[in-house]
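See below for the structure under consideration.
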Amino acid sequence: MRLLLVTPELISGGAERDMLNVAAGLVDRGHRIILACHRGVLSAEAEQTGAAVLELPTHARTPWGLLELGRRLRGLALERRVELIHLQAIRPAVAARRGLGRRLPLLVTLHNLHRRWYYPLAAPLLARAADRVHFVSAYERDLFLKWGFPPRRGFVRHSGLPAEYFAVRRHRDPGPFRLLLAARIDGRKGHDVLLRALAELPAALELEAWIAGDGPARERLKTLARNLGVERRLTWLGFRRDLPELYGRVDSLVLPSRRESLPLSIREACAAGLPVVAAAVGGVPELIESGVDGLLVERGDHRHLTRTLCWLARRPEAARRLGRAARQRARREWSLAGYLDYLEATYRDLLNRTTP
């Protein structure tokens, strides 16, 4: 198949890494893939997928900008003889439908919307633009159904993970119980909740946290860490390309987000055999059964997070048990091969204009 994949910008987010995993997997299966995106910190990884990577600014917000984006998508699709377009955002999908009409099928993968008030407008726009929508969580699908998106065109499937995450082996150095928070630092992932939780830990508890990632809220959070007096427990790693390596050197992933759809880092950590401590927001409870393969805490409740981290750090065997169960679930549900099988079947259904 000749497929055009469109993602807005190659920032260091889970949605963008998901799309790169898909691009690489489809290339390996013999498909001809064009990846259209605005370049960013993941551009080097995009080039390594084997797809033809083309610069395409997709952040059009005005009617005229959407018309121009639609014109460019139409030209690209016709020039490259594309059979289907798979997009990761609503505005590019609206532009593509406007530019191409019903000439090509459009599949949209929707990860999340950043603000609640977007949904009443987004649901009808998505319904008009997309032939089918793949929601990454049941949580996100339910929000769109509430605002009128037709159920027969919206499906839920958790995305898959490359084999390297299932192959992670522990090789950490001796020392304190070590947490990892791996996420873009943009104010939504609960970094401040973790800092406040660290400030209330017993002084004698040997626990430290690694912060991997970058973003606009980083300096503000560093100031908060100084004010809370928790710098001794923190290591700021910055943007990292070696997440499987990091997963092998820590004891647990922590993600106290305020807003989520379905975090990629949780699935990666589970595949690596790590117990996850996460806020029970959005689609996170679809990934973790608390007490079985991870631990859930209340959104924004740093004291609940403190108690949970203390419990886990003092019970290394329980942490290993949770990690083993998490890895078993990941192997069962989140293989990249199974996800690519699902996508190929979806593409064929759309190309044949049939209903699954």
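Convention: chains lettered A, B, ... in structure tokens order; per-chain residue numbering from 1; ligands numbered from 1 as shown.
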
Can you tell me which residues surround A:Ala204 at a distance of at most 12 Å, considering only C-alpha atoms, apart from same-chain residues fewer than 4 positions away, and format the answer as an mmCIF file with C-alpha atoms, in the first residue's frame?
```
data_model
loop_
_atom_site.group_PDB
_atom_site.id
_atom_site.type_symbol
_atom_site.label_atom_id
_atom_site.label_comp_id
_atom_site.auth_asym_id
_atom_site.auth_seq_id
_atom_site.Cartn_x
_atom_site.Cartn_y
_atom_site.Cartn_z
ATOM 1 C CA PRO A 176 18.335 4.312 46.747
ATOM 2 C CA GLU A 200 6.903 14.998 52.428
ATOM 3 C CA GLU A 208 15.460 9.471 44.434
ATOM 4 C CA ARG A 233 16.464 13.690 45.615
ATOM 5 C CA CYS A 310 6.800 5.000 50.705
ATOM 6 C CA ALA A 313 10.084 1.709 48.220
ATOM 7 C CA ARG A 314 9.912 -0.274 51.473
#
```

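If you count only C-alpha atoms and ignore residues fewer than 2 places along the chain from A:Leu67, what sits within 10 Å of it is Ala60, Thr62, Pro63, Trp64, Gly65, Leu69, Gly70, Arg71, Arg72, Leu73, Val94, Ala95, Ala96, Arg98 and Gly99 of chain A.
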
(Q) as JSON, numbers by chain, please: the residues near stretch 290-300 of chain A (cut-off 8 Å, only C-alpha atoms, same-chain neighbours under 5 positions excluded). (A) {"A": [190, 193, 256, 257, 258, 275, 276, 277, 278, 279, 280, 281, 285, 305, 308, 321, 322, 323, 324, 325, 326]}

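Atom CA of A:Asn21 sits 19.5 Å away from atom CA of A:Leu106.
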
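Residues in contact with stretch 28-44 of chain A at up to 6 Å, not including ones fewer than 4 positions away on its chain and judged by only C-alpha atoms, are A:Met1, A:Arg2, A:Leu3, A:Leu4, A:Leu5, A:Val6, A:Thr7, A:Pro8, A:Glu9, A:Leu10, A:Ile11, A:Ala51, A:Ala52, A:Val53, A:Leu54, A:Glu55, A:Leu56, A:Pro57.
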
Since we have the selection now, will you write its residues out, keeping N, CA and C atoms, as a short mmCIF file (atom, residue, chain, number, x, y, z; two decimals), in the first residue's frame?
```
data_model
loop_
_atom_site.label_atom_id
_atom_site.label_comp_id
_atom_site.auth_asym_id
_atom_site.auth_seq_id
_atom_site.Cartn_x
_atom_site.Cartn_y
_atom_site.Cartn_z
N MET A 1 0.84 -1.19 0.00
CA MET A 1 0.00 0.00 0.00
C MET A 1 0.88 1.25 0.00
N ARG A 2 0.40 2.29 -0.64
CA ARG A 2 1.06 3.60 -0.62
C ARG A 2 0.27 4.49 0.34
N LEU A 3 0.89 4.82 1.47
CA LEU A 3 0.19 5.48 2.57
C LEU A 3 0.87 6.79 2.92
N LEU A 4 0.05 7.80 3.20
CA LEU A 4 0.54 9.08 3.68
C LEU A 4 0.19 9.19 5.16
N LEU A 5 1.21 9.28 6.01
CA LEU A 5 1.01 9.47 7.44
C LEU A 5 1.28 10.94 7.76
N VAL A 6 0.38 11.56 8.51
CA VAL A 6 0.49 12.98 8.82
C VAL A 6 0.45 13.16 10.34
N THR A 7 1.48 13.79 10.90
CA THR A 7 1.49 14.13 12.32
C THR A 7 1.93 15.57 12.44
N PRO A 8 1.32 16.35 13.33
CA PRO A 8 1.57 17.80 13.32
C PRO A 8 3.02 18.20 13.50
N GLU A 9 3.68 17.69 14.53
CA GLU A 9 5.03 18.15 14.82
C GLU A 9 5.79 17.07 15.57
N LEU A 10 7.08 16.93 15.26
CA LEU A 10 7.87 15.87 15.88
C LEU A 10 8.46 16.32 17.21
N ILE A 11 7.56 16.64 18.15
CA ILE A 11 7.99 16.92 19.51
C ILE A 11 8.19 15.60 20.24
N ALA A 51 10.79 5.71 6.05
CA ALA A 51 9.75 6.43 5.32
C ALA A 51 10.36 7.64 4.62
N ALA A 52 9.67 8.13 3.59
CA ALA A 52 10.05 9.39 2.97
C ALA A 52 9.49 10.51 3.84
N VAL A 53 10.37 11.27 4.48
CA VAL A 53 9.96 12.29 5.44
C VAL A 53 9.92 13.64 4.73
N LEU A 54 8.74 14.28 4.75
CA LEU A 54 8.54 15.57 4.08
C LEU A 54 8.11 16.62 5.08
N GLU A 55 8.67 17.80 4.95
CA GLU A 55 8.29 18.92 5.80
C GLU A 55 6.91 19.43 5.42
N LEU A 56 6.01 19.50 6.40
CA LEU A 56 4.66 20.00 6.16
C LEU A 56 4.14 20.68 7.42
N PRO A 57 4.20 22.01 7.49
CA PRO A 57 3.60 22.70 8.65
C PRO A 57 2.10 22.44 8.68
#
```

Q.
Taking the DSSP secondary structure from the backbone, can you list the residues of stretch 46-213 of chain A that are alpha helix (DSSP H), as JSON, numbers by chain?
A. {"A": [46, 47, 63, 64, 65, 66, 67, 68, 69, 70, 71, 72, 73, 74, 75, 76, 77, 78, 79, 90, 91, 92, 93, 94, 95, 96, 97, 98, 99, 100, 119, 120, 121, 122, 123, 124, 125, 126, 127, 128, 129, 138, 139, 140, 141, 142, 143, 144, 145, 146, 163, 164, 165, 166, 191, 192, 193, 194, 195, 196, 197, 198, 199]}

Q. Would you give me, as a VMD selection string, the residues in stretch 63-244 of chain A that DSSP reads as strand (DSSP E or B)?
A. chain A and resid 84 to 87 106 to 110 132 to 135 154 to 156 161 177 to 182 207 to 212 234 to 238

Q | All residues 8 Å or closer to A:Gly50, only C-alpha atoms, same chain fewer than 4 positions away omitted, as a ChimeraX atom specification | A | /A:23-24,27,46

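If only C-alpha atoms are the atoms counted, then among A:Arg141, A:Arg74, A:Arg348, A:Arg81 the closest residue to A:Thr109 is A:Arg141.
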
Can you write out as CSV which residues of stretch 213-325 of chain A fall within 12 Å of stretch 151-169 of chain A, alongside each residue's closest atom pair and its distance in Å to one decimal, counting only C-alpha atoms and ordering rows by chain and ascending residue number?
```
residue,atom,partner,partner_atom,distance
A:Asp242,CA,A:Glu164,CA,10.7
A:Leu243,CA,A:Tyr165,CA,8.7
A:Pro244,CA,A:Tyr165,CA,5.8
A:Glu245,CA,A:Val168,CA,7.3
A:Leu246,CA,A:Val168,CA,9.4
A:Tyr247,CA,A:Val168,CA,7.2
A:Gly248,CA,A:Arg169,CA,5.6
A:Arg249,CA,A:Arg169,CA,8.7
A:Val250,CA,A:Arg169,CA,10.8
A:Asp251,CA,A:Arg169,CA,11.8
A:Ser261,CA,A:His158,CA,10.7
A:Leu262,CA,A:His158,CA,8.0
A:Pro263,CA,A:His158,CA,10.1
A:Leu264,CA,A:Ser159,CA,8.4
A:Ser265,CA,A:Leu161,CA,10.3
A:Ile266,CA,A:Leu161,CA,11.1
A:Arg267,CA,A:Leu161,CA,7.8
A:Glu268,CA,A:Tyr165,CA,6.0
A:Ala269,CA,A:Tyr165,CA,7.8
A:Cys270,CA,A:Phe166,CA,8.6
A:Ala271,CA,A:Phe166,CA,4.9
A:Ala272,CA,A:Val168,CA,5.2
A:Gly273,CA,A:Val168,CA,7.9
A:Leu274,CA,A:Val168,CA,10.0
A:Gly283,CA,A:His158,CA,10.1
A:Val284,CA,A:His158,CA,11.4
A:Glu286,CA,A:His158,CA,9.4
A:Leu287,CA,A:His158,CA,9.2
A:Arg324,CA,A:Phe166,CA,11.7
```

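Comparing A:Arg91, A:Leu312, A:Arg320, A:Tyr139 by their smallest distance to A:Arg170, the closest is A:Arg320 (using only C-alpha atoms).
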
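Computed from the coordinates, the atom CA of A:Val108 to atom CA of A:Leu76 distance equals 17.8 Å.
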
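Picture a line from atom CA of A:Leu343 to atom CA of A:Gly25; it runs 10.7 Å.
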
Q: Would you kindly return, as an MDAnalysis selection string, each protein, DNA or RNA residue with an atom no farther than 9 Å from any atom of A:Thr346, considering only C-alpha atoms and excluding same-chain residues fewer than 3 positions away?
A: chainID A and resid 107 132 341:343 349:351 356

Q.
What's around A:Arg97 at 8 Å? Count only C-alpha atoms, leave out sequence neighbours fewer than 4 positions away in its own chain, and write the answer as a ChimeraX atom specification.
A. /A:70,93,101-102,106,129-130
